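Here's the structure we're looking at; comments come further down.
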Amino acid sequence: MFAESHVTVSADPDVRLFVARSDGPPGRTLLVIHGGPDWDHSYLREPLARLAGRHCLVLPDLRGCGRSTRGLPDDAYSPAAATADLVALLGTLGTEPVDVLGFSYGGLLAQRLILAAPERVRRLVVASSSVLPVPPDAYGDLPERAAEAAVWADPSLSGPALTRAAAVAGARANVRRAEALPHYLRLLDGVRFSAEWLRPLRAGTLPSPRVPDAAARLAALGVPLLLLHGRQDLVFPASLVEETVRLIPSARGVVLEEAGHMAHIDQPDAWLAAVADHLA
């Protein structure tokens with residue numbers, strides 16, 4: 001279903017993104033930006049693969065992630081660099097505008113992408129992410145996050161083993177429906193975790209991915225925007241959706257009940273239907 005290749009997006013430093021691409025009309029391309037960022041795109045293939053044929057799906061691994069170029073200097077990992085890679089990738093896809101779906105951290109990069117190259121984006125989906133900043137008191141000390149916090153604090157873990165262990169430990173907080181958890185854990189088994197972005201994050205040198213005045217700037221663009229969220233998201237509060245919709249006339253929100261941060265795992269049919277409706 002997916003053809004896999006490497007696409008050169010930067011010469012200095014040399015960066016090649018691993019890209020999975022499905023068949024579909026060139027004028028109906030959907031670029032999918034994964035989160036993490038030290039994950040790969042594979043956990044998002046389902047249920048999006050059902051759109052293949054009707055849409056040309058393009059799922060890259062960000063620099064430092066999955067099967068894309070790794071081993072870069074720490075200062076080569078930044079939201080600006082990742083956005084430049086994605087702009088360059090768009091240049092290889094043809095001249096027609098594409099639709100963009102950004103998930104979690106990828107939702108913040110998607111906002112950067114559309115502001116960097118507004119003429120290249122037709123519609124935008126910000127999934128399990130936010131346009132507005134998350135208030136510092138949004139959650140407090142969540143007991144649901146205790147297992148994941150313990151992994152991050154474990155001095156015996158480092159590198160990809162650490163990011164994998166944290167993802168597994170956080171699964172029960174990110175997936176709301178217990179019956180969906182085994183499937184999600186199987187997907188995590190297939191993720192090629194890295195820790196390239198973790199190094200500058202822990203060193204305090206990784207810039208914030210958040211766009212200043214994002215709501216006002218997206219409102220000025222007027223690009224159709226879907227905010228797709230799980231009601232029980234414990235990373236980005238669902239309450240931010242309604243506030244964002246009030247600020248951006250071209251935005252609409254869909255909040256799925258009984259769905260956590262991994263809303264596409266908890267409610268795959270409803271999640272995919274919302275995406276397909278927005279792209280129609």
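Ligands are numbered from 1 in the order shown, chains are lettered A, B, ... in the order of the structure tokens, and residues start at 1 in each chain.
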
- Item | Who sits within 6 Å of Ala259 of chain A, only C-alpha atoms, same chain under 3 positions skipped, as a list in words | Arg176, Gly230, Arg231, Gln232, Leu256, Ala263 and Asp266 of chain A

Residues of segment 68-113 of chain A at most 12 Å from segment 19-24 of chain A: nearest atom pair and distance in Å, only C-alpha atoms, as a tab-separated table:
```
residue	atom	partner	partner_atom	distance
A:Ser68	CA	A:Val19	CA	8.3
A:Thr69	CA	A:Val19	CA	11.6
A:Leu86	CA	A:Val19	CA	11.1
A:Leu89	CA	A:Val19	CA	9.4
A:Leu90	CA	A:Val19	CA	11.8
A:Thr92	CA	A:Val19	CA	11.5
A:Leu93	CA	A:Arg21	CA	10.6
```

Please, could you write that set of residues out with N, CA, C and O atoms as an mmCIF file, in the first residue's frame?
```cif
data_model
loop_
_atom_site.group_PDB
_atom_site.id
_atom_site.type_symbol
_atom_site.label_atom_id
_atom_site.label_comp_id
_atom_site.auth_asym_id
_atom_site.auth_seq_id
_atom_site.Cartn_x
_atom_site.Cartn_y
_atom_site.Cartn_z
ATOM 1 N N SER A 68 14.873 8.251 9.077
ATOM 2 C CA SER A 68 15.475 9.455 8.497
ATOM 3 C C SER A 68 16.883 9.652 9.071
ATOM 4 O O SER A 68 17.317 8.934 9.972
ATOM 5 N N THR A 69 17.587 10.633 8.535
ATOM 6 C CA THR A 69 18.962 10.907 8.961
ATOM 7 C C THR A 69 19.026 11.148 10.462
ATOM 8 O O THR A 69 18.247 11.921 11.024
ATOM 9 N N LEU A 86 10.325 20.076 5.887
ATOM 10 C CA LEU A 86 8.985 19.800 5.365
ATOM 11 C C LEU A 86 8.658 20.705 4.178
ATOM 12 O O LEU A 86 8.015 20.272 3.219
ATOM 13 N N LEU A 89 10.395 19.155 1.373
ATOM 14 C CA LEU A 89 9.666 17.959 0.948
ATOM 15 C C LEU A 89 8.468 18.332 0.090
ATOM 16 O O LEU A 89 8.199 17.669 -0.934
ATOM 17 N N LEU A 90 7.758 19.386 0.466
ATOM 18 C CA LEU A 90 6.629 19.840 -0.350
ATOM 19 C C LEU A 90 7.090 20.176 -1.766
ATOM 20 O O LEU A 90 6.352 19.956 -2.731
ATOM 21 N N THR A 92 9.100 18.640 -3.523
ATOM 22 C CA THR A 92 9.235 17.419 -4.328
ATOM 23 C C THR A 92 7.890 16.812 -4.705
ATOM 24 O O THR A 92 7.842 15.872 -5.497
ATOM 25 N N LEU A 93 6.814 17.345 -4.139
ATOM 26 C CA LEU A 93 5.492 16.739 -4.338
ATOM 27 C C LEU A 93 4.708 17.364 -5.484
ATOM 28 O O LEU A 93 3.591 16.957 -5.760
#
```

Do a neighbour search on segment 220-223 of chain A at 12 Å with only C-alpha atoms, toss out local chain neighbours closer than 4 positions, and write the hits as a CSV table (one decimal) with C-alpha atoms, in the first residue's frame.
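Saved the output as out-v2.csv:
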```
chain,number,residue,atom,x,y,z
A,97,PRO,CA,-1.4,22.8,-2.6
A,98,VAL,CA,-1.6,19.9,-0.2
A,99,ASP,CA,-3.6,19.2,2.9
A,100,VAL,CA,-1.6,18.8,6.2
A,111,GLN,CA,1.3,25.5,12.1
A,114,ILE,CA,1.5,26.7,6.9
A,115,LEU,CA,2.9,30.0,8.1
A,116,ALA,CA,6.2,29.4,6.3
A,117,ALA,CA,4.5,28.3,3.0
A,118,PRO,CA,0.9,29.4,3.1
A,119,GLU,CA,0.5,29.0,-0.7
A,120,ARG,CA,1.4,25.3,-0.4
A,121,VAL,CA,-1.4,24.3,2.1
A,122,ARG,CA,-5.0,23.9,1.2
A,123,ARG,CA,-6.5,22.6,4.5
A,124,LEU,CA,-5.0,22.0,7.9
A,125,VAL,CA,-5.8,19.4,10.6
A,213,ASP,CA,0.4,34.7,18.2
A,214,ALA,CA,-0.5,31.5,16.4
A,215,ALA,CA,-4.3,32.1,16.6
A,216,ALA,CA,-4.2,35.6,15.2
A,247,LEU,CA,-10.6,33.1,17.8
A,248,ILE,CA,-10.2,31.7,14.3
A,249,PRO,CA,-13.3,32.1,12.1
A,250,SER,CA,-12.1,29.4,9.6
A,251,ALA,CA,-11.6,26.8,12.3
A,252,ARG,CA,-14.0,24.2,13.6
A,278,HIS,CA,-12.7,18.1,6.5
```

- Task: Mind giving me the straight-line distance from atom CA of His6 of chain A to atom CA of His41 of chain A in Å, one decimal?
- Result: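 Spanning atom CA of His6 of chain A to atom CA of His41 of chain A is a straight-line distance of 13.9 Å.
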
- Query: Which residue out of A:Thr83, A:Thr163, A:Ser5, A:Ser239 has the minimum interatomic distance to Leu59 of chain A when only C-alpha atoms are used?
  - Reply: A:Ser5

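Separating atom CA of Val254 of chain A from atom CA of Glu148 of chain A is a distance of 27.7 Å.
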
- Query: In segment 4-76 of chain A, what's strand (DSSP E) per DSSP? Answer as a list in words?
  - Reply: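 After running DSSP on the backbone, segment 4-76 of chain A has strand (DSSP E) at Glu4, Ser5, His6, Val7, Thr8, Val9, Ser10, Ala11, Asp14, Val15, Arg16, Leu17, Phe18, Val19, Ala20, Arg21, Ser22, Thr29, Leu30, Leu31, Val32, Ile33, Cys56, Leu57, Val58, Leu59 and Pro60 of chain A.
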
Restricting the output to N, CA and C atoms, write the selected residues as an mmCIF file, in the first residue's frame.
```cif
data_model
loop_
_atom_site.group_PDB
_atom_site.id
_atom_site.type_symbol
_atom_site.label_atom_id
_atom_site.label_comp_id
_atom_site.auth_asym_id
_atom_site.auth_seq_id
_atom_site.Cartn_x
_atom_site.Cartn_y
_atom_site.Cartn_z
ATOM 1 N N GLU A 4 8.032 3.185 -0.108
ATOM 2 C CA GLU A 4 8.939 3.798 0.848
ATOM 3 C C GLU A 4 10.222 4.234 0.155
ATOM 4 N N SER A 5 10.693 5.424 0.499
ATOM 5 C CA SER A 5 11.914 5.948 -0.121
ATOM 6 C C SER A 5 12.536 6.972 0.806
ATOM 7 N N HIS A 6 13.729 7.436 0.447
ATOM 8 C CA HIS A 6 14.386 8.532 1.147
ATOM 9 C C HIS A 6 14.428 9.744 0.214
ATOM 10 N N VAL A 7 14.121 10.905 0.773
ATOM 11 C CA VAL A 7 14.085 12.148 0.002
ATOM 12 C C VAL A 7 15.066 13.129 0.632
ATOM 13 N N THR A 8 16.000 13.649 -0.167
ATOM 14 C CA THR A 8 16.959 14.633 0.321
ATOM 15 C C THR A 8 16.262 15.980 0.481
ATOM 16 N N VAL A 9 16.342 16.558 1.687
ATOM 17 C CA VAL A 9 15.680 17.836 1.951
ATOM 18 C C VAL A 9 16.663 18.918 2.393
ATOM 19 N N SER A 10 17.912 18.535 2.644
ATOM 20 C CA SER A 10 18.916 19.521 3.068
ATOM 21 C C SER A 10 20.291 19.032 2.639
ATOM 22 N N ALA A 11 21.108 19.981 2.166
ATOM 23 C CA ALA A 11 22.480 19.638 1.777
ATOM 24 C C ALA A 11 23.489 19.979 2.877
ATOM 25 N N ASP A 14 23.583 17.320 5.563
ATOM 26 C CA ASP A 14 22.953 16.368 4.673
ATOM 27 C C ASP A 14 21.826 15.666 5.431
ATOM 28 N N VAL A 15 20.588 15.883 4.990
ATOM 29 C CA VAL A 15 19.424 15.282 5.648
ATOM 30 C C VAL A 15 18.543 14.621 4.601
ATOM 31 N N ARG A 16 18.266 13.363 4.839
ATOM 32 C CA ARG A 16 17.321 12.621 3.983
ATOM 33 C C ARG A 16 16.190 12.124 4.868
ATOM 34 N N LEU A 17 14.977 12.446 4.464
ATOM 35 C CA LEU A 17 13.807 11.990 5.207
ATOM 36 C C LEU A 17 13.303 10.677 4.629
ATOM 37 N N PHE A 18 13.013 9.742 5.514
ATOM 38 C CA PHE A 18 12.330 8.516 5.105
ATOM 39 C C PHE A 18 10.858 8.863 4.921
ATOM 40 N N VAL A 19 10.297 8.507 3.763
ATOM 41 C CA VAL A 19 8.934 8.886 3.420
ATOM 42 C C VAL A 19 8.159 7.664 2.943
ATOM 43 N N ALA A 20 6.989 7.449 3.537
ATOM 44 C CA ALA A 20 6.045 6.435 3.052
ATOM 45 C C ALA A 20 4.956 7.169 2.281
ATOM 46 N N ARG A 21 4.657 6.666 1.075
ATOM 47 C CA ARG A 21 3.700 7.359 0.211
ATOM 48 C C ARG A 21 2.754 6.358 -0.418
ATOM 49 N N SER A 22 1.464 6.691 -0.423
ATOM 50 C CA SER A 22 0.461 5.823 -1.034
ATOM 51 C C SER A 22 0.087 6.342 -2.416
ATOM 52 N N THR A 29 -3.292 15.396 -2.053
ATOM 53 C CA THR A 29 -2.200 14.912 -1.218
ATOM 54 C C THR A 29 -2.415 15.328 0.233
ATOM 55 N N LEU A 30 -2.199 14.389 1.144
ATOM 56 C CA LEU A 30 -2.265 14.668 2.576
ATOM 57 C C LEU A 30 -0.906 14.388 3.192
ATOM 58 N N LEU A 31 -0.239 15.432 3.655
ATOM 59 C CA LEU A 31 1.034 15.312 4.357
ATOM 60 C C LEU A 31 0.749 15.136 5.844
ATOM 61 N N VAL A 32 1.299 14.080 6.433
ATOM 62 C CA VAL A 32 1.053 13.756 7.840
ATOM 63 C C VAL A 32 2.350 13.941 8.627
ATOM 64 N N ILE A 33 2.296 14.751 9.688
ATOM 65 C CA ILE A 33 3.480 15.063 10.489
ATOM 66 C C ILE A 33 3.312 14.419 11.863
ATOM 67 N N CYS A 56 -3.541 10.883 -1.798
ATOM 68 C CA CYS A 56 -2.139 10.471 -1.812
ATOM 69 C C CYS A 56 -1.572 10.805 -0.435
ATOM 70 N N LEU A 57 -1.331 9.769 0.372
ATOM 71 C CA LEU A 57 -0.830 9.967 1.727
ATOM 72 C C LEU A 57 0.693 10.049 1.710
ATOM 73 N N VAL A 58 1.234 11.034 2.388
ATOM 74 C CA VAL A 58 2.682 11.208 2.486
ATOM 75 C C VAL A 58 3.034 11.305 3.962
ATOM 76 N N LEU A 59 3.757 10.294 4.465
ATOM 77 C CA LEU A 59 4.093 10.234 5.886
ATOM 78 C C LEU A 59 5.610 10.171 6.048
ATOM 79 N N PRO A 60 6.249 11.291 6.344
ATOM 80 C CA PRO A 60 7.703 11.295 6.570
ATOM 81 C C PRO A 60 8.046 11.037 8.033
#
```

- Query: Residues at most 9 Å from segment 106-110 of chain A, counting only C-alpha atoms, excluding those fewer than 6 positions away in the same chain, as a PyMOL selection string?
  - Reply: chain A and resi 32-37+79-80+82-83+100+124-131+209-211

Output the selection as a CSV table (one decimal), in the first residue's frame - all heavy atoms for each residue.
```csv
chain,number,residue,atom,x,y,z
A,32,VAL,N,1.3,14.1,6.4
A,32,VAL,CA,1.1,13.8,7.8
A,32,VAL,C,2.3,13.9,8.6
A,32,VAL,O,3.4,13.4,8.3
A,32,VAL,CB,0.5,12.3,8.0
A,32,VAL,CG1,0.3,12.0,9.5
A,32,VAL,CG2,-0.7,12.1,7.2
A,33,ILE,N,2.3,14.8,9.7
A,33,ILE,CA,3.5,15.1,10.5
A,33,ILE,C,3.3,14.4,11.9
A,33,ILE,O,2.4,14.8,12.6
A,33,ILE,CB,3.7,16.6,10.6
A,33,ILE,CG1,3.6,17.3,9.3
A,33,ILE,CG2,5.0,16.9,11.4
A,33,ILE,CD1,3.6,18.8,9.3
A,34,HIS,N,4.2,13.5,12.2
A,34,HIS,CA,4.1,12.7,13.4
A,34,HIS,C,4.5,13.6,14.6
A,34,HIS,O,5.1,14.6,14.5
A,34,HIS,CB,4.9,11.4,13.4
A,34,HIS,CG,6.4,11.6,13.3
A,34,HIS,ND1,7.1,11.8,14.4
A,34,HIS,CD2,7.2,11.5,12.3
A,34,HIS,CE1,8.4,11.9,14.1
A,34,HIS,NE2,8.5,11.7,12.8
A,35,GLY,N,4.2,13.1,15.8
A,35,GLY,CA,4.6,13.7,17.0
A,35,GLY,C,5.9,13.1,17.7
A,35,GLY,O,6.6,12.4,17.0
A,36,GLY,N,6.0,13.3,18.9
A,36,GLY,CA,7.1,12.7,19.7
A,36,GLY,C,8.0,13.8,20.3
A,36,GLY,O,7.8,14.1,21.5
A,37,PRO,N,9.0,14.4,19.6
A,37,PRO,CA,9.3,14.1,18.2
A,37,PRO,C,10.2,12.8,18.0
A,37,PRO,O,10.5,12.5,16.9
A,37,PRO,CB,10.1,15.3,17.7
A,37,PRO,CG,10.7,15.9,19.0
A,37,PRO,CD,9.7,15.5,20.1
A,79,PRO,N,12.6,23.1,15.8
A,79,PRO,CA,11.4,23.2,15.1
A,79,PRO,C,11.6,23.9,13.7
A,79,PRO,O,11.0,23.6,12.7
A,79,PRO,CB,10.5,24.0,16.0
A,79,PRO,CG,11.0,23.8,17.4
A,79,PRO,CD,12.5,23.6,17.2
A,80,ALA,N,12.5,24.9,13.7
A,80,ALA,CA,12.8,25.7,12.5
A,80,ALA,C,13.4,24.7,11.4
A,80,ALA,O,13.0,24.8,10.3
A,80,ALA,CB,13.6,26.9,12.8
A,82,ALA,N,13.2,21.4,11.3
A,82,ALA,CA,12.2,20.4,10.9
A,82,ALA,C,11.2,21.0,9.9
A,82,ALA,O,10.8,20.4,8.9
A,82,ALA,CB,11.5,19.8,12.1
A,83,THR,N,10.8,22.3,10.2
A,83,THR,CA,9.9,22.9,9.3
A,83,THR,C,10.5,23.2,7.9
A,83,THR,O,9.8,23.0,6.8
A,83,THR,CB,9.4,24.3,9.9
A,83,THR,OG1,8.8,24.0,11.1
A,83,THR,CG2,8.4,25.0,9.0
A,100,VAL,N,-2.6,19.2,5.1
A,100,VAL,CA,-1.6,18.8,6.2
A,100,VAL,C,-2.3,18.4,7.4
A,100,VAL,O,-3.2,19.1,7.9
A,100,VAL,CB,-0.7,20.0,6.4
A,100,VAL,CG1,0.3,19.7,7.6
A,100,VAL,CG2,0.1,20.4,5.2
A,124,LEU,N,-5.9,22.4,6.8
A,124,LEU,CA,-5.0,22.0,7.9
A,124,LEU,C,-5.8,21.2,9.0
A,124,LEU,O,-6.9,21.6,9.3
A,124,LEU,CB,-4.4,23.2,8.6
A,124,LEU,CG,-3.5,23.1,9.8
A,124,LEU,CD1,-2.2,22.3,9.4
A,124,LEU,CD2,-3.1,24.4,10.3
A,125,VAL,N,-5.2,20.1,9.5
A,125,VAL,CA,-5.8,19.4,10.6
A,125,VAL,C,-4.8,19.4,11.8
A,125,VAL,O,-3.6,19.0,11.6
A,125,VAL,CB,-6.1,18.0,10.3
A,125,VAL,CG1,-6.7,17.2,11.5
A,125,VAL,CG2,-7.1,17.9,9.1
A,126,VAL,N,-5.2,20.0,12.9
A,126,VAL,CA,-4.3,20.0,14.1
A,126,VAL,C,-4.9,18.9,15.0
A,126,VAL,O,-6.0,19.2,15.6
A,126,VAL,CB,-4.2,21.4,14.7
A,126,VAL,CG1,-3.5,21.3,16.1
A,126,VAL,CG2,-3.5,22.3,13.8
A,127,ALA,N,-4.3,17.8,15.2
A,127,ALA,CA,-4.9,16.6,15.9
A,127,ALA,C,-4.1,16.4,17.2
A,127,ALA,O,-2.9,16.3,17.2
A,127,ALA,CB,-4.8,15.4,15.0
A,128,SER,N,-4.9,16.3,18.3
A,128,SER,CA,-4.3,16.0,19.6
A,128,SER,C,-3.2,17.0,19.9
A,128,SER,O,-2.1,16.6,20.4
A,128,SER,CB,-3.8,14.6,19.7
A,128,SER,OG,-4.9,13.7,19.6
A,129,SER,N,-3.4,18.3,19.6
A,129,SER,CA,-2.4,19.3,19.7
A,129,SER,C,-3.1,20.6,20.1
A,129,SER,O,-4.3,20.5,20.5
A,129,SER,CB,-1.5,19.4,18.5
A,129,SER,OG,-0.5,20.3,18.6
A,130,SER,N,-2.5,21.7,19.9
A,130,SER,CA,-3.2,23.0,20.3
A,130,SER,C,-2.6,24.1,19.5
A,130,SER,O,-1.4,24.1,19.1
A,130,SER,CB,-3.1,23.2,21.8
A,130,SER,OG,-1.8,23.6,22.2
A,131,VAL,N,-3.4,25.1,19.3
A,131,VAL,CA,-3.0,26.4,18.8
A,131,VAL,C,-2.6,27.3,19.9
A,131,VAL,O,-1.6,28.0,19.9
A,131,VAL,CB,-4.0,27.0,17.9
A,131,VAL,CG1,-3.7,28.5,17.5
A,131,VAL,CG2,-4.3,26.2,16.6
A,209,PRO,N,8.5,24.8,20.1
A,209,PRO,CA,7.9,24.7,18.8
A,209,PRO,C,6.7,25.6,18.6
A,209,PRO,O,6.2,25.8,17.5
A,209,PRO,CB,7.4,23.2,18.7
A,209,PRO,CG,7.1,22.9,20.2
A,209,PRO,CD,8.1,23.7,21.0
A,210,ARG,N,6.2,26.2,19.7
A,210,ARG,CA,5.0,27.0,19.6
A,210,ARG,C,5.2,28.3,18.8
A,210,ARG,O,6.2,29.0,19.0
A,210,ARG,CB,4.5,27.3,21.0
A,210,ARG,CG,3.1,28.0,21.0
A,210,ARG,CD,2.5,27.9,22.4
A,210,ARG,NE,2.2,26.5,22.8
A,210,ARG,CZ,1.2,25.7,22.3
A,210,ARG,NH1,0.4,26.3,21.3
A,210,ARG,NH2,1.0,24.5,22.7
A,211,VAL,N,4.3,28.6,18.0
A,211,VAL,CA,4.3,29.8,17.2
A,211,VAL,C,3.7,31.0,18.0
A,211,VAL,O,2.6,30.9,18.5
A,211,VAL,CB,3.5,29.6,15.9
A,211,VAL,CG1,3.4,30.9,15.1
A,211,VAL,CG2,4.0,28.5,15.1
```

- Query: If you count only C-alpha atoms, which residues fall within 10 Å of Pro47 of chain A, apart from same-chain ones fewer than 6 positions away, as an MDAnalysis selection string?
  - Reply: chainID A and resid 264:265 267:269 271:272

- Taking the backbone alone, and naming residues the way the document does, which bits of segment 87-250 of chain A are alpha helix (DSSP H) by DSSP, as number ranges by chain? A: 87-91, 105-116, 146-152, 159-169, 171-174, 181-190, 198-203, 214-221, 239-247
